[in-house]
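See below for the structure under consideration.
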Amino acid sequence: MEQIINEIVEIEWSMFQQTNNIGGRAWCQDDRRQFEINRRAQFSVWDENCLHSYLEDLRKAQQNGQNLVSLKYAYMMEHTSPAEFEAIREQIPEVGETRQQIIEQLLILTQEWCEAFSRDYPKLSRQGRPITAPKGCGITSVMTYAKGEMSTYSLKTLNCLLALYRKYREEKINLHEAVVGEELRQLSGRTLEQIEKQL
């Protein structure tokens with residue numbers, strides 16, 4: 001699985017470097033270490049089926065000259081920058097009703113986990129993105145980011161993730177907490193509880 005994650009992150013980094021920001025190159029495009037930590041933390045909670053499926057999505061996109069990272073940010077603009085989004089809407093692939101329905105189910109679980117994390121780690125939660133934000137305010141919330149990214153996934157990957165998310169929910173595992181915990185472990189070597197107490 002580590003090898004699959006390595007390949008995913010390598011392809012994503014390449015796509016990220018080719019992504020054009022409205023205001024010019026973003027500072028985070030020069031911070032490979034932070035990028036890798038963020039992405040590895042996310043994929044650390046995926047199972048092998050989901051990883052394989054998403055790697056297949058990335059490879060197909062490369063073959064078709066498509067940049068999934070650029071698309072992710074484009075989809076986010078529908079919520080963060082509606083006017084700018086309208087100007088590029090025709091260039092962006094339609095998500096489609098079937099995929100959209102699965103995304104909505106994934107987002108319901110994502111929001112539940114984020115809200116639980118906010119209750120359990122209020123100080124830490126305030127350090128990151130807001131869970132939600134009003135449309136057109138220019139702020140990228142957790143939910144806006146998640147929806148943008150999920151909109152780039154194939155139907156196969158979305159179905160894989162839905163099965164995985166339901167499994168985590170049944171096992172009472174907070175996926176958002178697991179990802180943030182892994183990210184902070186890589187950054188600082190400390191646990192969520194230690195950081196929350198120190199803030």
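Chain labels A, B, ... are given in the sequence in which chains occur in the structure tokens; within each chain residues are numbered consecutively from 1, and ligands are likewise numbered from 1 in the order shown.
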
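Around Glu36 of chain A, within 10 Å and counting only C-alpha atoms, the residues found are A:Asn6, A:Val9, A:Glu10, A:Glu12, A:Trp13, A:Asp31, A:Arg32, A:Arg33, A:Arg39, A:Arg40, A:Ala41, A:Gln42, A:Glu183, once anything fewer than 3 positions away on its own chain is removed.
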
Per residue of segment 148-188 of chain A within 8 Å of segment 100-121 of chain A, what are the shortest atom pair and its distance in Å to one decimal, counting only C-alpha atoms, with rows by chain and residue number, as JSON lines?
```
{"residue": "A:Met150", "atom": "CA", "partner": "A:Ile103", "partner_atom": "CA", "distance": 6.5}
{"residue": "A:Ser151", "atom": "CA", "partner": "A:Ile103", "partner_atom": "CA", "distance": 7.3}
{"residue": "A:Leu158", "atom": "CA", "partner": "A:Ile102", "partner_atom": "CA", "distance": 6.7}
{"residue": "A:Asn159", "atom": "CA", "partner": "A:Ile102", "partner_atom": "CA", "distance": 7.3}
{"residue": "A:Leu161", "atom": "CA", "partner": "A:Leu106", "partner_atom": "CA", "distance": 7.9}
{"residue": "A:Leu162", "atom": "CA", "partner": "A:Leu106", "partner_atom": "CA", "distance": 6.2}
{"residue": "A:Tyr165", "atom": "CA", "partner": "A:Leu106", "partner_atom": "CA", "distance": 7.3}
{"residue": "A:Arg169", "atom": "CA", "partner": "A:Leu109", "partner_atom": "CA", "distance": 8.0}
{"residue": "A:Asn174", "atom": "CA", "partner": "A:Trp113", "partner_atom": "CA", "distance": 5.5}
{"residue": "A:Leu175", "atom": "CA", "partner": "A:Trp113", "partner_atom": "CA", "distance": 6.6}
{"residue": "A:His176", "atom": "CA", "partner": "A:Trp113", "partner_atom": "CA", "distance": 5.8}
{"residue": "A:Glu177", "atom": "CA", "partner": "A:Phe117", "partner_atom": "CA", "distance": 6.1}
```

So that I can see what lies close to Ala74 of chain A, please list as a ChimeraX atom specification the residues with an atom at most 8 Å from it, counting only C-alpha atoms and leaving out residues fewer than 6 positions away in the same chain. /A:85,92,148

Save the residues we just selected, N, CA and C atoms, as a compact mmCIF listing (two decimals), in the first residue's frame?
```txt
# COMPACT_ATOMS: atom_id res chain seq x y z
N PHE A 85 -16.56 30.89 -11.47
CA PHE A 85 -16.91 29.53 -11.88
C PHE A 85 -17.77 29.53 -13.13
N ILE A 92 -15.59 22.38 -17.69
CA ILE A 92 -15.48 21.41 -16.60
C ILE A 92 -16.44 20.25 -16.82
N GLY A 148 -15.21 19.28 -3.68
CA GLY A 148 -14.42 19.52 -4.88
C GLY A 148 -13.57 18.33 -5.24
```

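Using only C-alpha atoms for every distance, the candidate list A:Ile195, A:Ala61, A:Ile4, A:Cys137 yields A:Cys137 as the residue closest to Ala83 of chain A.
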
Please, which residues of segment 39-148 of chain A, numbered as in this document, come out helix (DSSP H, G or I) from DSSP, as a ChimeraX atom specification? /A:39-43,48-63,68-80,82-91,97-120,122-127,142-148

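Of note, atom CA of Lys147 of chain A and atom CA of Glu2 of chain A are spaced 25.5 Å apart.
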